[in-house]
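Asks: The file below is work.pdb, PDB, C-alpha atoms:
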```
MODEL        1
ATOM      1  CA  MET D 282     109.661  67.740  31.405
ATOM      2  CA  ARG D 283     109.464  71.346  32.602
ATOM      3  CA  GLN D 284     107.807  73.305  35.382
ATOM      4  CA  LEU D 285     104.314  74.509  34.612
ATOM      5  CA  ARG D 286     103.570  78.184  34.087
ATOM      6  CA  LYS D 287     101.097  79.838  36.486
ATOM      7  CA  VAL D 288      98.119  79.484  34.152
ATOM      8  CA  GLU D 289      98.997  75.828  33.502
ATOM      9  CA  THR D 290      99.308  75.205  37.242
ATOM     10  CA  ARG D 291      95.859  76.744  37.853
ATOM     11  CA  ARG D 292      94.363  74.486  35.152
ATOM     12  CA  LEU D 293      96.050  71.403  36.599
ATOM     13  CA  PHE D 294      94.741  72.159  40.099
ATOM     14  CA  ALA D 295      91.240  72.901  38.780
ATOM     15  CA  ARG D 296      91.167  69.494  37.084
ATOM     16  CA  ALA D 297      92.613  67.845  40.178
ATOM     17  CA  ALA D 298      89.993  69.506  42.414
ATOM     18  CA  ALA D 299      87.260  68.041  40.227
ATOM     19  CA  GLU D 300      88.811  64.582  39.995
ATOM     20  CA  TYR D 301      89.996  64.369  43.603
ATOM     21  CA  ALA D 302      87.265  66.282  45.436
ATOM     22  CA  PRO D 303      87.628  66.167  49.235
ATOM     23  CA  ARG D 304      85.426  63.523  50.836
ATOM     24  CA  ARG D 305      85.342  65.149  54.268
ATOM     25  CA  GLU D 306      85.367  68.502  56.044
ATOM     26  CA  LEU D 307      88.546  69.214  57.997
ATOM     27  CA  ALA D 308      89.748  71.582  60.711
ATOM     28  CA  PHE D 309      92.833  71.617  62.940
ATOM     29  CA  LEU D 310      93.171  72.277  66.668
ATOM     30  CA  LEU D 311      96.692  73.393  67.621
ATOM     31  CA  GLN D 312      97.266  72.726  71.323
ATOM     32  CA  SER D 313     100.071  74.818  72.835
ATOM     33  CA  LEU D 314     102.394  74.766  69.851
ATOM     34  CA  GLU D 315     105.422  76.882  70.711
ATOM     35  CA  ASP D 316     107.163  77.584  67.416
ATOM     36  CA  PRO D 317     105.605  80.223  65.159
ATOM     37  CA  LEU D 318     107.299  78.472  62.218
ATOM     38  CA  ASN D 319     105.032  75.471  62.824
ATOM     39  CA  VAL D 320     101.982  77.739  63.085
ATOM     40  CA  GLY D 321     102.862  79.483  59.817
ATOM     41  CA  SER D 322     103.374  76.113  58.159
ATOM     42  CA  MET D 323      99.966  74.988  59.408
ATOM     43  CA  PHE D 324      98.341  77.958  57.667
ATOM     44  CA  ARG D 325      99.918  76.851  54.379
ATOM     45  CA  ILE D 326      98.815  73.257  54.936
ATOM     46  CA  ALA D 327      95.291  74.357  55.873
ATOM     47  CA  ASP D 328      95.054  76.394  52.680
ATOM     48  CA  GLY D 329      96.549  73.647  50.536
ATOM     49  CA  CYS D 330      94.087  71.032  51.726
ATOM     50  CA  GLY D 331      91.077  73.336  51.927
ATOM     51  CA  ALA D 332      90.659  73.081  55.695
ATOM     52  CA  LEU D 333      87.780  75.074  57.133
ATOM     53  CA  GLU D 334      89.765  76.645  59.968
ATOM     54  CA  LEU D 335      92.555  76.528  62.522
ATOM     55  CA  VAL D 336      91.743  76.682  66.241
ATOM     56  CA  PHE D 337      94.497  77.827  68.601
ATOM     57  CA  THR D 338      94.599  76.881  72.283
ATOM     58  CA  GLY D 339      96.988  77.317  75.177
ATOM     59  CA  LYS D 340     100.221  79.133  74.360
ATOM     60  CA  THR D 341     100.036  78.684  70.572
ATOM     61  CA  PRO D 342     101.183  81.953  68.960
ATOM     62  CA  THR D 343      98.638  83.700  66.727
ATOM     63  CA  PRO D 344      98.747  86.319  63.979
ATOM     64  CA  PRO D 345      99.815  89.014  63.718
ATOM     65  CA  ASP D 346     103.315  87.645  64.138
ATOM     66  CA  PRO D 347     106.171  88.344  61.695
ATOM     67  CA  VAL D 348     107.435  84.741  61.744
ATOM     68  CA  ILE D 349     103.942  83.305  61.166
ATOM     69  CA  ASP D 350     103.343  85.793  58.351
ATOM     70  CA  ARG D 351     106.681  85.051  56.661
ATOM     71  CA  THR D 352     106.345  81.270  56.988
ATOM     72  CA  SER D 353     102.694  81.190  55.929
ATOM     73  CA  ARG D 354     103.430  83.394  52.882
ATOM     74  CA  GLY D 355     100.233  85.328  53.543
ATOM     75  CA  HIS D 356      97.983  82.317  54.079
ATOM     76  CA  ASP D 357      97.403  83.543  57.643
ATOM     77  CA  ARG D 358      95.223  86.237  56.065
ATOM     78  CA  ARG D 359      93.222  83.722  53.998
ATOM     79  CA  ILE D 360      92.433  80.895  56.382
ATOM     80  CA  PRO D 361      89.854  81.461  59.125
ATOM     81  CA  TRP D 362      91.229  80.977  62.614
ATOM     82  CA  ARG D 363      90.085  81.520  66.152
ATOM     83  CA  ARG D 364      91.602  81.364  69.582
ATOM     84  CA  ILE D 365      89.894  79.500  72.397
ATOM     85  CA  ALA D 366      92.316  79.729  75.305
ATOM     86  CA  ALA D 367      91.200  76.631  77.217
ATOM     87  CA  THR D 368      91.728  73.411  75.284
ATOM     88  CA  ASP D 369      88.830  71.618  76.988
ATOM     89  CA  GLN D 370      86.510  74.460  75.961
ATOM     90  CA  ALA D 371      87.851  74.325  72.399
ATOM     91  CA  CYS D 372      87.178  70.589  72.236
ATOM     92  CA  ALA D 373      83.654  71.032  73.608
ATOM     93  CA  THR D 374      82.946  73.832  71.123
ATOM     94  CA  LEU D 375      84.227  71.829  68.153
ATOM     95  CA  ARG D 376      82.278  68.758  69.240
ATOM     96  CA  ALA D 377      79.109  70.874  69.532
ATOM     97  CA  GLU D 378      79.782  72.045  65.959
ATOM     98  CA  GLY D 379      79.721  68.420  64.816
ATOM     99  CA  TYR D 380      83.437  67.662  64.623
ATOM    100  CA  HIS D 381      84.889  64.231  65.382
ATOM    101  CA  LEU D 382      88.119  64.954  67.308
ATOM    102  CA  VAL D 383      91.111  62.821  66.319
ATOM    103  CA  ALA D 384      94.451  63.294  68.057
ATOM    104  CA  LEU D 385      97.589  62.837  66.008
ATOM    105  CA  GLU D 386      99.562  61.123  68.742
ATOM    106  CA  THR D 387     101.351  57.921  69.666
ATOM    107  CA  ALA D 388      98.967  56.845  72.374
ATOM    108  CA  GLN D 389      97.478  53.695  73.828
ATOM    109  CA  GLY D 390      94.703  52.591  71.493
ATOM    110  CA  ALA D 391      95.901  54.738  68.575
ATOM    111  CA  CYS D 392      95.859  53.167  65.141
ATOM    112  CA  CYS D 393      97.741  53.898  61.952
ATOM    113  CA  TYR D 394      96.063  56.823  60.166
ATOM    114  CA  LEU D 395      95.614  54.608  57.088
ATOM    115  CA  HIS D 396      93.143  52.406  58.975
ATOM    116  CA  TYR D 397      91.137  54.957  60.971
ATOM    117  CA  PRO D 398      87.449  55.250  59.977
ATOM    118  CA  PHE D 399      87.327  59.039  59.575
ATOM    119  CA  PRO D 400      83.744  60.401  59.523
ATOM    120  CA  ASP D 401      82.483  63.286  57.382
ATOM    121  CA  LYS D 402      83.607  66.126  59.664
ATOM    122  CA  VAL D 403      87.030  65.801  61.316
ATOM    123  CA  CYS D 404      89.182  67.997  63.525
ATOM    124  CA  LEU D 405      92.777  66.829  63.801
ATOM    125  CA  VAL D 406      94.173  67.651  67.226
ATOM    126  CA  LEU D 407      97.879  68.510  67.128
ATOM    127  CA  GLY D 408      99.929  68.673  70.292
ATOM    128  CA  ASN D 409     102.887  70.576  71.617
ATOM    129  CA  GLU D 410     106.170  69.941  69.778
ATOM    130  CA  ALA D 411     107.928  68.510  72.847
ATOM    131  CA  ASN D 412     105.096  66.980  74.862
ATOM    132  CA  GLY D 413     102.498  65.999  72.280
ATOM    133  CA  VAL D 414      98.773  66.088  72.959
ATOM    134  CA  TYR D 415      98.322  66.560  76.708
ATOM    135  CA  PRO D 416      96.630  63.658  78.563
ATOM    136  CA  PRO D 417      93.395  65.525  79.472
ATOM    137  CA  THR D 418      92.977  66.578  75.834
ATOM    138  CA  LEU D 419      93.761  63.094  74.578
ATOM    139  CA  ALA D 420      91.134  61.662  76.930
ATOM    140  CA  GLY D 421      88.558  63.995  75.385
ATOM    141  CA  CYS D 422      89.266  62.955  71.793
ATOM    142  CA  ASP D 423      87.135  60.475  69.884
ATOM    143  CA  GLY D 424      90.204  58.629  68.630
ATOM    144  CA  ALA D 425      93.932  58.829  67.992
ATOM    145  CA  VAL D 426      96.094  58.061  64.973
ATOM    146  CA  PHE D 427      99.810  57.850  64.341
ATOM    147  CA  VAL D 428     102.134  57.944  61.346
ATOM    148  CA  PRO D 429     104.383  54.861  61.162
ATOM    149  CA  MET D 430     108.079  55.677  61.561
ATOM    150  CA  TYR D 431     110.713  53.482  59.921
ATOM    151  CA  GLY D 432     113.887  55.243  61.047
ATOM    152  CA  LYS D 433     115.242  55.796  64.525
ATOM    153  CA  GLY D 434     113.325  59.015  65.232
ATOM    154  CA  PRO D 435     110.009  58.624  67.057
ATOM    155  CA  SER D 436     108.098  61.320  65.157
ATOM    156  CA  LEU D 437     107.864  63.813  62.315
ATOM    157  CA  ASN D 438     107.677  67.555  62.782
ATOM    158  CA  VAL D 439     104.108  68.431  63.834
ATOM    159  CA  HIS D 440     103.217  70.270  60.616
ATOM    160  CA  VAL D 441     104.662  67.509  58.421
ATOM    161  CA  ALA D 442     102.690  64.799  60.246
ATOM    162  CA  ALA D 443      99.570  66.978  60.026
ATOM    163  CA  ALA D 444      99.964  67.299  56.241
ATOM    164  CA  VAL D 445     100.412  63.559  55.767
ATOM    165  CA  VAL D 446      97.292  62.715  57.752
ATOM    166  CA  ALA D 447      95.201  65.655  56.483
ATOM    167  CA  TYR D 448      95.412  64.613  52.854
ATOM    168  CA  HIS D 449      94.474  61.069  53.784
ATOM    169  CA  VAL D 450      91.485  62.353  55.764
ATOM    170  CA  LEU D 451      90.343  64.357  52.751
ATOM    171  CA  LEU D 452      90.969  61.808  50.024
ATOM    172  CA  GLY D 453      90.890  58.440  51.746
ATOM    173  CA  PRO D 454      92.639  55.474  50.153
ATOM    174  CA  ALA D 455      94.405  56.125  46.866
ATOM    175  CA  PRO D 456      92.009  56.181  43.897
ATOM    176  CA  PRO D 457      92.796  54.289  40.693
ATOM    177  CA  ALA D 458      95.581  55.676  38.518
ATOM    178  CA  SER D 459      94.619  58.932  36.815
ATOM    179  CA  SER D 460      95.435  60.598  33.571
ATOM    180  CA  LEU D 461      96.050  63.972  35.286
ATOM    181  CA  PRO D 462      99.763  64.302  34.477
ATOM    182  CA  ASP D 463      99.031  63.968  30.756
TER     183      ASP D 463
ENDMDL
END
```
Is it possible to give me this structure as structure tokens?
Replies:
Amino acid sequence: MRQLRKVETRRLFARAAAEYAPRRELAFLLQSLEDPLNVGSMFRIADGCGALELVFTGKTPTPPDPVIDRTSRGHDRRIPWRRIAATDQACATLRAEGYHLVALETAQGACCYLHYPFPDKVCLVLGNEANGVYPPTLAGCDGAVFVPMYGKGPSLNVHVAAAVVAYHVLLGPAPPASSLPD
């Protein structure tokens, strides 16, 4: 086994895009994230999963920012983003655009992301690193999901949890085994 060359990687991903085409449209709302490292990581995740956009609210840092640029490896210049200062206004705008708002949060009534009935157009709502999705925002969401934790820690880093759930939103349950690695 060896690492693929760039041209081989492009071919692999082209085949994968055809075989594992996204089943849903996806966007992310970042509510008052504080760390520009997490924001930069979200740009890379958004690009990797083909998200339509990132929406920043509250105190979430935005480009241009040297830490976001370095962490995103330039993806902050590829992925559409917008800032809507007030989170309630951002939620109302996204809902008017047809998004189903799903908070990624351990909350009353939340279910494991593996069992949530994601519709065709989803916006994952990600909360502040320390305080999660704020209660007024959570109340305005259409649903909430969580990632099961098996260790002693109560959560994953926000961008890691977002990646886990985002790919499930896009692809749904695992398809039958594929011949892609061949």
Asks: Can you write out as a tab-separated table which residues of range 401-438 of chain D fall within 10 Å of range 350-370 of chain D, alongside each residue's closest atom pair and its distance in Å to one decimal, counting only C-alpha atoms and ordering rows by chain and ascending residue number?
Replies:
```
residue	atom	partner	partner_atom	distance
D:Tyr415	CA	D:Thr368	CA	9.6
D:Pro417	CA	D:Asp369	CA	8.0
D:Thr418	CA	D:Asp369	CA	6.6
D:Gly421	CA	D:Asp369	CA	7.8
```
Asks: Can you write just those residues out, C-alpha atoms, as a PDB file, in the coordinates of the input?
Replies:
```pdb
ATOM      1  CA  TYR D 415      98.322  66.560  76.708  1.00  0.00           C
ATOM      2  CA  PRO D 417      93.395  65.525  79.472  1.00  0.00           C
ATOM      3  CA  THR D 418      92.977  66.578  75.834  1.00  0.00           C
ATOM      4  CA  GLY D 421      88.558  63.995  75.385  1.00  0.00           C
TER       5      GLY D 421
END
```
Asks: With only C-alpha atoms as the atoms that count, which of D:Tyr301, D:Tyr394, D:Phe309, D:Tyr448 lies nearest to Gly408 in chain D?
Replies: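 Nearest candidate to Gly408 in chain D out of D:Tyr301, D:Tyr394, D:Phe309, D:Tyr448: D:Phe309.
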Asks: Just checking: using all atoms listed in the file, which residue out of D:Gly379, D:Val426, D:Ala447, D:Gly339 ends up closest to Lys402 in chain D?
Replies: D:Gly379
Asks: Write out as a Markdown table the residues of range 306-357 of chain D that have any atom within 7 Å of an atom of range 427-443 of chain D, one row each with the nearest atom pair and its distance in Å to one decimal, counting all atoms listed in the file, sorted by chain and then rising number.
Replies:
```
| residue | atom | partner | partner_atom | distance |
| --- | --- | --- | --- | --- |
| D:Asn319 | CA | D:His440 | CA | 5.9 |
| D:Ser322 | CA | D:His440 | CA | 6.3 |
| D:Met323 | CA | D:His440 | CA | 5.9 |
```
Asks: Just to confirm, what's the straight-line distance from CA of His449 in chain D to CA of Met282 in chain D in Å (one decimal)?
Replies: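 CA of Met282 in chain D lies 27.9 Å from CA of His449 in chain D.
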Asks: Quick one: residues within 9 Å of Lys340 in chain D, all atoms listed in the file, excluding same-chain residues fewer than 5 positions away - as a PDB file with C-alpha atoms, in the frame of the given file?
Replies:
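Output below, filename part33.pdb:
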```pdb
ATOM      1  CA  GLN D 312      97.266  72.726  71.323  1.00  0.00           C
ATOM      2  CA  SER D 313     100.071  74.818  72.835  1.00  0.00           C
ATOM      3  CA  LEU D 314     102.394  74.766  69.851  1.00  0.00           C
ATOM      4  CA  GLU D 315     105.422  76.882  70.711  1.00  0.00           C
ATOM      5  CA  ALA D 366      92.316  79.729  75.305  1.00  0.00           C
TER       6      ALA D 366
END
```
Asks: Could you jot down the CA of Leu335 in chain D to CA of Ala444 in chain D separation for me, Å, one decimal place?
Replies: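 That distance, rounded to one decimal, is 13.4 Å.
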Asks: Pick from D:Glu289, D:Ile349, D:Val445, D:Thr374: nearest to Cys393 in chain D, with only C-alpha atoms counted?
Replies: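 When distances to Cys393 in chain D are compared using only C-alpha atoms, the smallest one comes from D:Val445.
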Asks: How many Å separate CA of Pro317 in chain D from CA of Ala384 in chain D?
Replies: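 That distance, rounded to one decimal, is 20.5 Å.
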Asks: Using the chain letters and numbering of this document, enumerate as a count of residues only the residues selected by the PyMOL selection byres ((chain D and resi 302) around 12).
Replies: 20
Asks: Can you pull out every residue within 10 Å of Leu375 in chain D, counting all atoms listed in the file, but drop anything in the same chain fewer than 4 positions away, and send it as JSON, numbers by chain?
Replies: {"D": [308, 310, 336, 369, 370, 371, 379, 380, 381, 382, 403, 404]}
Asks: Determine the nearest neighbour of Tyr397 in chain D from the options D:Gln284, D:Cys422, D:Val446, D:Phe324, counting all atoms listed in the file.
Replies: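 Looking only at the distances to Tyr397 in chain D, the closest residue turns out to be D:Val446.
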Asks: Which polymer residues, whether protein, DNA or RNA, lie within 6 Å of the coordinate (89.8, 59.7, 62.5) when you count all atoms listed in the file? List them as a ChimeraX atom specification, using the chain letters and numbers from the file.
Replies: /D:383,397-399
Asks: For Val320 in chain D, which residue among D:Arg286, D:Leu307, D:Gly413, D:Leu407 is the nearest when counting all atoms listed in the file?
Replies: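 Smallest separation from Val320 in chain D among the options: D:Leu407.
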Asks: Centre and edge lengths, as JSON, for the axis-aligned box enclosing every listed atom of range 413-428 of chain D with 4 Å of padding on each of the six sides, in Å to one decimal?
Replies:
```
{"center_x": 94.8, "center_y": 62.2, "center_z": 70.4, "size_x": 23.4, "size_y": 16.7, "size_z": 26.1}
```
Asks: Looking at all atoms listed in the file, which of D:Val348, D:Leu285, D:Ala425, D:Ile326 is the one that sits closest to Thr387 in chain D?
Replies: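 So, comparing all the options, the nearest one is D:Ala425.
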